[in-house]
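Asker: Supplied structure: entry.tsv, TSV, C-alpha atoms and all ligand atoms.
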```
chain	number	residue	atom	x	y	z
A	1	MET	CA	1.72	38.29	-15.37
A	2	ILE	CA	1.25	36.91	-11.87
A	3	LYS	CA	3.95	35.52	-9.66
A	4	VAL	CA	2.88	32.04	-8.61
A	5	GLU	CA	3.92	31.19	-5.08
A	6	VAL	CA	3.09	27.76	-3.75
A	7	ALA	CA	1.81	27.31	-0.21
A	8	GLU	CA	4.07	26.30	2.67
A	9	ARG	CA	2.77	22.75	2.58
A	10	LEU	CA	4.06	22.20	-0.96
A	11	ARG	CA	7.44	23.68	-0.07
A	12	HIS	CA	7.69	21.20	2.79
A	13	LEU	CA	7.09	18.11	0.66
A	14	PRO	CA	9.95	15.62	0.98
A	15	PRO	CA	12.47	15.72	-1.87
A	16	TYR	CA	11.69	13.47	-4.81
A	17	LEU	CA	14.46	10.87	-4.63
A	18	PHE	CA	13.71	9.03	-7.85
A	19	ALA	CA	14.48	11.93	-10.19
A	20	GLU	CA	17.91	10.61	-11.20
A	21	ILE	CA	16.67	7.06	-11.72
A	22	ASP	CA	13.77	8.42	-13.81
A	23	ARG	CA	16.18	10.45	-15.92
A	24	LEU	CA	18.55	7.49	-16.46
A	25	LYS	CA	15.59	5.29	-17.34
A	26	ARG	CA	14.43	7.76	-20.01
A	27	GLU	CA	17.97	7.97	-21.40
A	28	GLU	CA	18.32	4.19	-21.61
A	29	ILE	CA	14.93	3.89	-23.32
A	30	LYS	CA	15.94	6.59	-25.83
A	31	LYS	CA	19.10	4.60	-26.58
A	32	GLY	CA	16.83	1.66	-27.35
A	33	ALA	CA	17.85	-0.41	-24.31
A	34	ASP	CA	15.69	-3.42	-23.48
A	35	LEU	CA	14.88	-2.50	-19.88
A	36	ILE	CA	13.28	-4.92	-17.45
A	37	ASP	CA	11.26	-2.69	-15.17
A	38	LEU	CA	10.94	-4.14	-11.68
A	39	SER	CA	10.11	-0.79	-10.11
A	40	ILE	CA	6.37	-0.71	-10.70
A	41	GLY	CA	3.94	-1.45	-7.85
A	42	ASP	CA	1.09	-2.03	-10.23
A	43	PRO	CA	-0.09	-5.49	-11.40
A	44	ASP	CA	0.69	-6.29	-15.04
A	45	LEU	CA	-2.14	-8.86	-15.13
A	46	PRO	CA	-5.52	-7.76	-16.52
A	47	THR	CA	-8.71	-7.29	-14.48
A	48	PRO	CA	-10.67	-10.59	-14.64
A	49	GLY	CA	-13.27	-10.65	-17.45
A	50	HIS	CA	-16.35	-11.15	-15.27
A	51	ILE	CA	-15.58	-7.85	-13.49
A	52	ILE	CA	-15.19	-5.99	-16.78
A	53	ASN	CA	-18.51	-7.39	-18.04
A	54	SER	CA	-20.20	-6.25	-14.86
A	55	LEU	CA	-18.92	-2.70	-15.42
A	56	LYS	CA	-20.15	-2.73	-19.04
A	57	LYS	CA	-23.67	-3.64	-17.98
A	58	ALA	CA	-23.74	-1.19	-15.09
A	59	ALA	CA	-22.41	1.63	-17.29
A	60	GLU	CA	-25.49	1.32	-19.54
A	61	ARG	CA	-27.94	2.03	-16.76
A	62	PRO	CA	-28.92	5.74	-16.57
A	63	GLU	CA	-29.42	5.66	-12.79
A	64	ASN	CA	-25.69	5.05	-12.50
A	65	HIS	CA	-24.85	8.24	-14.41
A	66	ARG	CA	-25.82	10.57	-11.59
A	67	TYR	CA	-23.83	11.68	-8.56
A	68	PRO	CA	-23.18	8.72	-6.31
A	69	SER	CA	-23.49	9.09	-2.55
A	70	TYR	CA	-20.12	9.87	-0.96
A	71	GLU	CA	-20.31	6.96	1.51
A	72	GLY	CA	-20.99	4.31	-1.14
A	73	MET	CA	-24.08	2.45	-2.36
A	74	PRO	CA	-25.76	0.35	0.35
A	75	SER	CA	-25.32	-2.72	-1.88
A	76	PHE	CA	-21.55	-2.12	-2.17
A	77	ARG	CA	-21.16	-1.62	1.57
A	78	GLN	CA	-23.18	-4.78	2.18
A	79	ALA	CA	-20.90	-6.68	-0.20
A	80	VAL	CA	-17.87	-5.41	1.76
A	81	ALA	CA	-19.42	-6.53	5.07
A	82	ARG	CA	-20.22	-9.95	3.59
A	83	TRP	CA	-16.67	-10.31	2.27
A	84	TYR	CA	-15.20	-9.35	5.66
A	85	GLY	CA	-17.39	-11.87	7.38
A	86	GLU	CA	-16.38	-14.69	5.04
A	87	ARG	CA	-12.70	-13.87	4.76
A	88	PHE	CA	-11.89	-12.74	8.31
A	89	GLY	CA	-14.88	-13.72	10.43
A	90	VAL	CA	-15.32	-10.06	11.36
A	91	ALA	CA	-18.89	-8.68	11.58
A	92	LEU	CA	-19.41	-5.14	10.26
A	93	ASP	CA	-22.45	-2.90	10.14
A	94	PRO	CA	-22.58	-1.81	6.48
A	95	GLN	CA	-24.38	1.42	7.44
A	96	THR	CA	-21.93	2.79	9.97
A	97	GLU	CA	-18.75	0.74	9.81
A	98	VAL	CA	-18.04	0.71	6.06
A	99	LEU	CA	-17.11	3.63	3.82
A	100	SER	CA	-16.30	3.46	0.10
A	101	LEU	CA	-13.14	5.22	-1.08
A	102	ILE	CA	-11.88	6.40	-4.46
A	103	GLY	CA	-8.97	4.02	-3.97
A	104	SER	CA	-7.52	3.55	-0.50
A	105	LYS	CA	-4.86	6.21	-1.18
A	106	GLU	CA	-7.66	8.76	-1.10
A	107	GLY	CA	-8.75	7.73	2.40
A	108	ILE	CA	-5.19	7.38	3.71
A	109	GLY	CA	-4.31	10.85	2.42
A	110	HIS	CA	-7.48	12.46	3.78
A	111	ILE	CA	-7.87	10.93	7.23
A	112	PRO	CA	-5.38	13.22	9.01
A	113	LEU	CA	-7.61	16.15	8.02
A	114	ALA	CA	-10.31	14.69	10.27
A	115	PHE	CA	-8.22	13.89	13.33
A	116	ALA	CA	-4.90	15.78	13.36
A	117	GLY	CA	-3.82	19.38	12.97
A	118	PRO	CA	-1.09	21.82	14.00
A	119	GLY	CA	0.68	20.64	17.16
A	120	ASP	CA	-0.48	17.04	16.65
A	121	VAL	CA	1.66	14.08	15.63
A	122	VAL	CA	0.94	11.28	13.16
A	123	LEU	CA	3.00	8.12	13.75
A	124	TYR	CA	3.80	5.98	10.70
A	125	THR	CA	6.06	3.09	9.88
A	126	SER	CA	9.10	3.70	7.68
A	127	PRO	CA	10.16	2.54	5.09
A	128	GLY	CA	6.61	2.79	3.83
A	129	TYR	CA	3.95	4.19	1.55
A	130	PRO	CA	4.86	7.88	1.08
A	131	VAL	CA	1.23	8.99	1.52
A	132	TYR	CA	1.27	8.53	5.34
A	133	PRO	CA	3.65	11.43	6.12
A	134	VAL	CA	2.34	13.59	3.27
A	135	GLY	CA	-1.27	13.31	4.51
A	136	ALA	CA	-0.05	14.42	7.95
A	137	LEU	CA	1.86	17.33	6.44
A	138	PHE	CA	-1.16	18.52	4.44
A	139	ALA	CA	-3.22	18.50	7.63
A	140	GLY	CA	-0.61	20.71	9.30
A	141	ALA	CA	0.42	17.92	11.67
A	142	GLN	CA	3.89	16.53	12.27
A	143	GLY	CA	4.75	13.07	10.94
A	144	HIS	CA	6.91	10.88	13.16
A	145	PRO	CA	8.49	7.79	11.53
A	146	LEU	CA	8.75	4.47	13.37
A	147	PRO	CA	11.65	2.57	11.80
A	148	LEU	CA	11.06	-0.96	10.54
A	149	LEU	CA	14.22	-2.96	11.09
A	150	GLU	CA	15.11	-6.40	9.83
A	151	ALA	CA	16.19	-7.42	13.34
A	152	ASN	CA	12.61	-6.81	14.57
A	153	GLY	CA	10.97	-8.64	11.66
A	154	PHE	CA	10.07	-5.22	10.23
A	155	LEU	CA	7.65	-4.52	13.08
A	156	PRO	CA	7.91	-1.12	14.82
A	157	ASP	CA	9.11	-0.83	18.42
A	158	LEU	CA	6.13	1.01	19.91
A	159	GLU	CA	7.80	1.34	23.31
A	160	ALA	CA	10.62	3.37	21.74
A	161	VAL	CA	8.38	6.34	20.86
A	162	PRO	CA	9.49	9.31	23.03
A	163	ALA	CA	7.00	10.47	25.66
A	164	ASP	CA	6.67	14.03	24.33
A	165	ILE	CA	5.76	12.65	20.88
A	166	LEU	CA	3.31	10.16	22.36
A	167	LYS	CA	1.46	12.88	24.22
A	168	ARG	CA	0.68	14.65	20.95
A	169	ALA	CA	0.10	11.55	18.80
A	170	LYS	CA	-3.39	11.26	17.29
A	171	LEU	CA	-2.98	8.65	14.57
A	172	LEU	CA	-0.82	5.58	13.96
A	173	PHE	CA	-0.40	4.16	10.45
A	174	ILE	CA	0.68	0.54	10.18
A	175	ASN	CA	0.74	-1.62	7.05
A	176	TYR	CA	0.76	-5.44	6.95
A	177	PRO	CA	1.35	-7.21	4.65
A	178	ASN	CA	3.98	-4.53	4.30
A	179	ASN	CA	5.10	-2.58	1.26
A	180	PRO	CA	8.07	-2.51	0.69
A	181	THR	CA	9.42	-5.23	3.03
A	182	GLY	CA	6.92	-8.04	2.34
A	183	ALA	CA	6.63	-8.68	6.11
A	184	THR	CA	3.37	-9.76	7.72
A	185	ALA	CA	2.19	-9.17	11.28
A	186	GLY	CA	0.69	-11.74	13.60
A	187	GLU	CA	-1.86	-11.69	16.36
A	188	ASP	CA	0.81	-10.87	18.99
A	189	PHE	CA	1.82	-7.65	17.31
A	190	PHE	CA	-1.76	-6.55	16.65
A	191	LYS	CA	-2.58	-7.16	20.34
A	192	LYS	CA	0.30	-4.89	21.32
A	193	VAL	CA	-1.01	-2.24	18.94
A	194	VAL	CA	-4.51	-2.38	20.44
A	195	GLU	CA	-3.09	-2.09	23.96
A	196	PHE	CA	-0.76	0.77	22.94
A	197	ALA	CA	-3.51	2.71	21.15
A	198	ASP	CA	-5.91	2.27	24.03
A	199	ARG	CA	-3.33	3.39	26.62
A	200	HIS	CA	-2.33	6.52	24.67
A	201	ASN	CA	-5.65	7.30	23.01
A	202	ILE	CA	-4.35	7.00	19.45
A	203	ILE	CA	-6.45	6.07	16.40
A	204	VAL	CA	-4.98	3.12	14.51
A	205	CYS	CA	-5.13	3.13	10.71
A	206	HIS	CA	-4.14	-0.26	9.36
A	207	ASP	CA	-3.38	-0.33	5.64
A	208	ALA	CA	-4.25	-3.85	4.45
A	209	ALA	CA	-4.02	-3.28	0.69
A	210	TYR	CA	-2.04	-6.52	0.21
A	211	SER	CA	-4.04	-8.89	2.42
A	212	GLU	CA	-4.95	-11.14	-0.55
A	213	ILE	CA	-1.51	-11.34	-2.18
A	214	TYR	CA	0.21	-14.01	-0.09
A	215	TYR	CA	2.49	-17.04	-0.50
A	216	ASP	CA	2.57	-20.68	0.50
A	217	GLY	CA	-1.16	-20.58	1.31
A	218	ARG	CA	-0.56	-18.55	4.49
A	219	LYS	CA	-3.43	-16.03	4.68
A	220	PRO	CA	-2.59	-12.76	6.44
A	221	ALA	CA	-4.87	-11.65	9.28
A	222	SER	CA	-7.02	-8.54	9.46
A	223	PHE	CA	-6.22	-6.10	12.27
A	224	LEU	CA	-9.93	-6.12	13.08
A	225	GLN	CA	-9.75	-9.80	14.04
A	226	THR	CA	-7.83	-8.78	17.17
A	227	PRO	CA	-10.07	-8.32	20.22
A	228	GLY	CA	-10.62	-4.61	20.88
A	229	ALA	CA	-9.30	-3.49	17.48
A	230	LYS	CA	-12.63	-2.07	16.36
A	231	GLU	CA	-12.63	0.14	19.47
A	232	VAL	CA	-9.30	1.75	18.53
A	233	GLY	CA	-9.18	1.99	14.79
A	234	ILE	CA	-9.99	1.23	11.22
A	235	GLU	CA	-8.59	-0.78	8.34
A	236	PHE	CA	-8.02	0.44	4.80
A	237	HIS	CA	-8.64	-1.95	1.97
A	238	SER	CA	-8.42	-1.80	-1.75
A	239	LEU	CA	-9.61	-3.73	-4.77
A	240	SER	CA	-6.52	-2.49	-6.63
A	241	LYS	CA	-4.02	-5.23	-5.88
A	242	THR	CA	-6.37	-8.14	-5.18
A	243	TYR	CA	-8.29	-7.95	-8.48
A	244	ASN	CA	-5.79	-6.09	-10.69
A	245	MET	CA	-7.97	-2.98	-10.60
A	246	THR	CA	-5.53	-0.17	-9.81
A	247	GLY	CA	-6.93	2.06	-12.55
A	248	TRP	CA	-10.54	1.66	-11.46
A	249	ARG	CA	-10.10	3.56	-8.16
A	250	LEU	CA	-12.08	1.56	-5.66
A	251	GLY	CA	-11.25	0.93	-2.02
A	252	PHE	CA	-12.91	1.12	1.37
A	253	ALA	CA	-12.36	1.79	5.06
A	254	VAL	CA	-13.94	-0.32	7.80
A	255	GLY	CA	-13.99	-0.30	11.58
A	256	HIS	CA	-14.61	2.17	14.42
A	257	ARG	CA	-17.81	4.02	13.57
A	258	GLU	CA	-16.77	7.45	14.83
A	259	VAL	CA	-13.51	7.25	12.91
A	260	ILE	CA	-15.40	6.17	9.78
A	261	ALA	CA	-17.85	9.08	10.35
A	262	GLY	CA	-14.98	11.59	10.69
A	263	LEU	CA	-13.37	10.45	7.45
A	264	GLY	CA	-16.83	10.52	5.85
A	265	LYS	CA	-17.30	14.12	6.91
A	266	ILE	CA	-14.09	15.12	5.10
A	267	LYS	CA	-15.21	13.23	2.00
A	268	THR	CA	-18.71	14.76	1.84
A	269	ASN	CA	-17.02	18.12	1.65
A	270	LEU	CA	-14.33	17.19	-0.86
A	271	ASP	CA	-15.54	14.54	-3.28
A	272	SER	CA	-18.68	12.97	-4.63
A	273	GLY	CA	-18.01	9.28	-4.23
A	274	VAL	CA	-17.15	6.43	-6.58
A	275	PHE	CA	-18.88	6.05	-9.99
A	276	GLN	CA	-21.76	3.66	-9.26
A	277	ALA	CA	-20.97	1.41	-12.22
A	278	VAL	CA	-17.50	0.88	-10.70
A	279	GLN	CA	-19.10	0.06	-7.36
A	280	GLU	CA	-21.34	-2.51	-9.07
A	281	ALA	CA	-18.28	-4.05	-10.69
A	282	GLY	CA	-16.70	-3.96	-7.23
A	283	ILE	CA	-19.59	-6.04	-5.85
A	284	THR	CA	-18.91	-8.57	-8.60
A	285	ALA	CA	-15.18	-8.49	-7.81
A	286	LEU	CA	-15.75	-9.18	-4.10
A	287	GLY	CA	-17.74	-12.26	-5.12
A	288	THR	CA	-14.87	-13.68	-7.21
A	289	GLY	CA	-14.29	-17.37	-6.58
A	290	ASP	CA	-11.21	-18.67	-4.81
A	291	ALA	CA	-9.99	-20.53	-7.89
A	292	GLU	CA	-9.53	-17.33	-9.87
A	293	LEU	CA	-7.63	-15.63	-7.04
A	294	ALA	CA	-5.55	-18.73	-6.45
A	295	GLY	CA	-4.45	-18.47	-10.09
A	296	ILE	CA	-3.28	-14.88	-9.58
A	297	ARG	CA	-1.43	-15.85	-6.39
A	298	GLN	CA	0.20	-18.77	-8.19
A	299	THR	CA	1.57	-16.38	-10.81
A	300	TYR	CA	3.17	-14.20	-8.12
A	301	GLN	CA	4.44	-17.24	-6.28
A	302	GLU	CA	6.32	-18.47	-9.37
A	303	ARG	CA	7.81	-15.02	-9.85
A	304	ARG	CA	8.77	-14.66	-6.19
A	305	ASP	CA	10.39	-18.07	-6.09
A	306	ALA	CA	12.33	-17.40	-9.31
A	307	LEU	CA	13.66	-14.01	-8.22
A	308	TYR	CA	14.38	-15.13	-4.65
A	309	ALA	CA	16.30	-18.20	-5.79
A	310	GLY	CA	18.09	-16.28	-8.54
A	311	LEU	CA	19.32	-13.39	-6.39
A	312	THR	CA	20.13	-15.56	-3.39
A	313	GLY	CA	22.16	-17.80	-5.68
A	314	GLN	CA	24.33	-14.81	-6.50
A	315	GLY	CA	25.06	-14.16	-2.87
A	316	ILE	CA	22.60	-11.28	-2.55
A	317	HIS	CA	20.74	-11.09	0.77
A	318	VAL	CA	17.01	-11.13	0.04
A	319	ILE	CA	14.23	-11.06	2.61
A	320	LYS	CA	11.78	-13.72	1.51
A	321	PRO	CA	8.39	-12.00	1.44
A	322	GLU	CA	5.45	-13.72	3.12
A	323	ALA	CA	3.01	-11.54	1.20
A	324	ALA	CA	2.67	-8.57	-1.22
A	325	PHE	CA	4.48	-8.56	-4.57
A	326	TYR	CA	7.90	-7.13	-3.71
A	327	LEU	CA	11.35	-8.42	-2.84
A	328	TRP	CA	13.16	-6.28	-0.26
A	329	THR	CA	16.82	-6.88	-0.90
A	330	ARG	CA	20.00	-5.71	0.80
A	331	CYS	CA	22.44	-3.79	-1.36
A	332	PRO	CA	25.71	-5.76	-1.59
A	333	LYS	CA	27.88	-4.53	1.27
A	334	GLY	CA	30.98	-2.49	0.60
A	335	VAL	CA	30.38	-2.48	-3.15
A	336	PHE	CA	27.88	0.35	-3.55
A	337	SER	CA	27.83	3.51	-1.46
A	338	ASP	CA	24.05	3.52	-1.03
A	339	SER	CA	20.75	2.28	-2.47
A	340	ARG	CA	20.67	4.90	-5.19
A	341	ALA	CA	24.15	3.92	-6.37
A	342	PHE	CA	23.07	0.25	-6.52
A	343	ALA	CA	19.89	1.15	-8.45
A	344	LYS	CA	21.99	3.20	-10.89
A	345	HIS	CA	24.36	0.28	-11.40
A	346	LEU	CA	21.48	-2.13	-12.09
A	347	LEU	CA	19.95	0.27	-14.57
A	348	GLU	CA	23.14	1.08	-16.48
A	349	LYS	CA	24.93	-2.27	-16.31
A	350	ALA	CA	22.03	-4.74	-16.32
A	351	GLY	CA	19.11	-2.83	-17.83
A	352	VAL	CA	17.07	-3.65	-14.72
A	353	VAL	CA	15.00	-0.97	-13.01
A	354	ALA	CA	14.50	-1.28	-9.24
A	355	THR	CA	13.55	1.21	-6.53
A	356	PRO	CA	16.19	2.49	-4.08
A	357	GLY	CA	15.03	1.77	-0.53
A	358	VAL	CA	15.78	5.27	0.73
A	359	GLY	CA	12.87	6.50	-1.39
A	360	PHE	CA	10.53	4.84	1.12
A	361	GLY	CA	12.13	6.64	4.05
A	362	GLN	CA	15.57	6.87	5.64
A	363	PRO	CA	15.34	3.47	7.41
A	364	GLY	CA	15.06	1.94	3.90
A	365	GLU	CA	18.62	3.00	3.06
A	366	GLY	CA	20.83	0.01	2.30
A	367	TYR	CA	17.98	-1.87	0.59
A	368	ILE	CA	16.43	-1.99	-2.84
A	369	ARG	CA	12.90	-3.05	-3.84
A	370	PHE	CA	12.10	-5.33	-6.77
A	371	ALA	CA	8.46	-5.58	-7.85
A	372	LEU	CA	7.16	-8.89	-9.19
A	373	THR	CA	5.06	-7.23	-11.87
A	374	VAL	CA	6.68	-8.76	-14.98
A	375	PRO	CA	6.38	-12.29	-16.42
A	376	VAL	CA	8.60	-15.00	-14.93
A	377	GLU	CA	10.69	-15.30	-18.15
A	378	ARG	CA	11.69	-11.65	-17.79
A	379	ILE	CA	12.57	-12.25	-14.16
A	380	GLY	CA	14.88	-15.06	-15.26
A	381	GLU	CA	16.50	-12.73	-17.76
A	382	ALA	CA	16.86	-10.02	-15.09
A	383	VAL	CA	18.60	-12.46	-12.74
A	384	SER	CA	21.08	-13.53	-15.39
A	385	ARG	CA	21.85	-9.92	-16.34
A	386	ILE	CA	22.30	-8.89	-12.70
A	387	GLY	CA	24.66	-11.83	-12.20
A	388	LYS	CA	26.81	-10.77	-15.14
A	389	SER	CA	26.89	-7.15	-13.95
A	390	LEU	CA	28.25	-7.89	-10.47
B	401	LIG	C1	-1.01	0.12	-3.70
B	401	LIG	C2	-1.09	0.52	-2.29
B	401	LIG	C3	-2.28	1.04	-1.77
B	401	LIG	C4	-3.55	1.04	-2.58
B	401	LIG	O1	-3.74	2.10	-3.35
B	401	LIG	P1	-5.16	2.35	-4.04
B	401	LIG	O2	-5.32	3.82	-3.87
B	401	LIG	O3	-6.22	1.60	-3.30
B	401	LIG	O4	-5.01	1.92	-5.45
B	401	LIG	C5	-2.33	1.35	-0.42
B	401	LIG	N1	-1.27	1.15	0.38
B	401	LIG	C6	-0.13	0.63	-0.08
B	401	LIG	C7	0.97	0.38	0.86
B	401	LIG	C8	0.01	0.33	-1.44
B	401	LIG	O5	1.17	-0.15	-1.89
```
Please express what this file holds, its structure, as structure tokens.
Ligand SMILES: *Cc1c(COP(=O)(O)O)cnc(C)c1O
Answerer:
Amino acid sequence: MIKVEVAERLRHLPPYLFAEIDRLKREEIKKGADLIDLSIGDPDLPTPGHIINSLKKAAERPENHRYPSYEGMPSFRQAVARWYGERFGVALDPQTEVLSLIGSKEGIGHIPLAFAGPGDVVLYTSPGYPVYPVGALFAGAQGHPLPLLEANGFLPDLEAVPADILKRAKLLFINYPNNPTGATAGEDFFKKVVEFADRHNIIVCHDAAYSEIYYDGRKPASFLQTPGAKEVGIEFHSLSKTYNMTGWRLGFAVGHREVIAGLGKIKTNLDSGVFQAVQEAGITALGTGDAELAGIRQTYQERRDALYAGLTGQGIHVIKPEAAFYLWTRCPKGVFSDSRAFAKHLLEKAGVVATPGVGFGQPGEGYIRFALTVPVERIGEAVSRIGKSL
């Protein structure tokens, strides 16, 4: 019988803050409660049929059954470059400036291994995607959160980073459209980021997973549209949210060629790329017409408008998201001690599951996140139940 001892890095993982909510959720389900689950950051809509058909055809071809190349098929990388040109007006060299990923989470988690180690710092915005600090931790580097505050439009104050941290900073993760706040960033902010990164020699990693989920027809920008951005960093993208393909595991990184090469070096040594049939379906996905995507956006828009109006009507302070499919909402003041207490109340008294903001980092305390991943009728029902519970 061996004694299993986990490595330091696993002992240093942040505590899992959703354990109690998970337990309560299981209990309620066992009791037969009709829960409305607004905690899931995963589209409920199916992958469009033309993409599925493309996978079926590609899966039949024996040449797709072999190991793919780690960097992605030339045809997939060309499709990415074409899409970037059409959507953002950004020119990319498919050979050196595009890298396929097994979902963008894979690239985000791995990139610190290429550019940061013991003694180095990885800056990341918080509240945010938990993978940024964990990737830093696994690389032996120190994560340093940059708080996103409502008063600053959920943009980080780059000038507030202490000098001793700045000196050791190698990477900066930013994420717009932002999960969980729904904020977007404009040209002004991206310009500041380019200037900051250039001045302090920091690689920028912009997570743009939600660039195609937006409201009121206002398209978010790519970081790479900013002059000089390609000289300081890369952008992570994903087919997961845009085309309802979270289970397929397909994303990509684009931008600075040496940064792309460094991430590629890690990947050659750790994985063997994306199943080619999935890449072929990805090419089809990137060619999807605007009408189809407009339909998906319309569905989220109806849900956002219903939940925003419903909660606001009950006196709850909601930040109206400009993009992504979440509502970042303040916990009613003086009524609940913290975000976990509010989430517990919603679960037990309204049968509504939402995510306590503190789970995305300490600056998220005082907020709760609702995901718009259920049909609009269920959102209406959730609003009426929440109203009765308060
Ligand atoms: C969903 C999500 C991703 C994308 O994950 P994939 O691995 O591409 O499925 C990346 N960043 C954020 C902030 C997300 O919410």
Asker: Can you work out which residues are within 7 Å of ligand LIG 401 (chain B), considering all atoms listed in the file, and then hand them over as number ranges by chain?
Answerer: A: 41, 103-106, 128-129, 175, 178-179, 207, 209, 237-241, 246, 249-251
Asker: Residues within 6 Å of stretch 34-37 of chain A, please, as a list in words. Count all atoms listed in the file; anything in the same chain fewer than 5 positions from it doesn't count.
Answerer: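 The filter keeps Gly351, Val352 and Val353 of chain A.
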Asker: Could you work out how far atom CA of A:Lys192 lies from atom CA of A:Leu158, giving the answer in Å with one decimal?
Answerer: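 Atom-to-atom, atom CA of A:Leu158 and atom CA of A:Lys192 are spaced 8.4 Å apart.
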Asker: So, with all atoms listed in the file as the atoms that count, which of A:His345, A:Lys388, A:Arg340, A:His206 lies closest to A:Val194?
Answerer: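 Under the stated criterion, the closest residue is A:His206.
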Asker: Using all atoms listed in the file, which residues of stretch 72-148 of chain A come within 7 Å of stretch 260-283 of chain A, and what is the closest atom pair for each, with the distance in Å to one decimal? Give it as JSON lines, sorted by chain and residue number.
Answerer:
```
{"residue": "A:Gly72", "atom": "CA", "partner": "A:Gly273", "partner_atom": "CA", "distance": 6.6}
{"residue": "A:Phe76", "atom": "CA", "partner": "A:Ile283", "partner_atom": "CA", "distance": 5.7}
{"residue": "A:Ala79", "atom": "CA", "partner": "A:Ile283", "partner_atom": "CA", "distance": 5.8}
{"residue": "A:Glu97", "atom": "CA", "partner": "A:Ile260", "partner_atom": "CA", "distance": 6.4}
{"residue": "A:Leu99", "atom": "CA", "partner": "A:Ile260", "partner_atom": "CA", "distance": 6.7}
{"residue": "A:Leu101", "atom": "CA", "partner": "A:Val274", "partner_atom": "CA", "distance": 6.9}
{"residue": "A:Ile102", "atom": "CA", "partner": "A:Val274", "partner_atom": "CA", "distance": 5.7}
{"residue": "A:Ile111", "atom": "CA", "partner": "A:Leu263", "partner_atom": "CA", "distance": 5.5}
{"residue": "A:Ala114", "atom": "CA", "partner": "A:Gly262", "partner_atom": "CA", "distance": 5.6}
```
Asker: Would you save the residues of that selection, restricted to C-alpha atoms, as a PDB file, in the frame of the given file?
Answerer:
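As a result, result37.pdb now contains:
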```
ATOM      1  CA  GLY A  72     -20.990   4.310  -1.140  1.00  0.00           C
ATOM      2  CA  PHE A  76     -21.550  -2.120  -2.170  1.00  0.00           C
ATOM      3  CA  ALA A  79     -20.900  -6.680  -0.200  1.00  0.00           C
ATOM      4  CA  GLU A  97     -18.750   0.740   9.810  1.00  0.00           C
ATOM      5  CA  LEU A  99     -17.110   3.630   3.820  1.00  0.00           C
ATOM      6  CA  LEU A 101     -13.140   5.220  -1.080  1.00  0.00           C
ATOM      7  CA  ILE A 102     -11.880   6.400  -4.460  1.00  0.00           C
ATOM      8  CA  ILE A 111      -7.870  10.930   7.230  1.00  0.00           C
ATOM      9  CA  ALA A 114     -10.310  14.690  10.270  1.00  0.00           C
TER      10      ALA A 114
END
```
Asker: Residues within 10 Å of A:Lys230, please, as an MDAnalysis selection string. Count all atoms listed in the file; anything in the same chain fewer than 4 positions from it doesn't count.
Answerer: chainID A and resid 90 92 97 194 204 223:226 234:235 254:257 259
Asker: Include C-alpha atoms and write out the residues we just selected as a CSV table (one decimal), in the coordinates of the input.
Answerer:
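Wrote it out as part_23.csv, contents follow:
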```csv
chain,number,residue,atom,x,y,z
A,90,VAL,CA,-15.3,-10.1,11.4
A,92,LEU,CA,-19.4,-5.1,10.3
A,97,GLU,CA,-18.8,0.7,9.8
A,194,VAL,CA,-4.5,-2.4,20.4
A,204,VAL,CA,-5.0,3.1,14.5
A,223,PHE,CA,-6.2,-6.1,12.3
A,224,LEU,CA,-9.9,-6.1,13.1
A,225,GLN,CA,-9.8,-9.8,14.0
A,226,THR,CA,-7.8,-8.8,17.2
A,234,ILE,CA,-10.0,1.2,11.2
A,235,GLU,CA,-8.6,-0.8,8.3
A,254,VAL,CA,-13.9,-0.3,7.8
A,255,GLY,CA,-14.0,-0.3,11.6
A,256,HIS,CA,-14.6,2.2,14.4
A,257,ARG,CA,-17.8,4.0,13.6
A,259,VAL,CA,-13.5,7.2,12.9
```
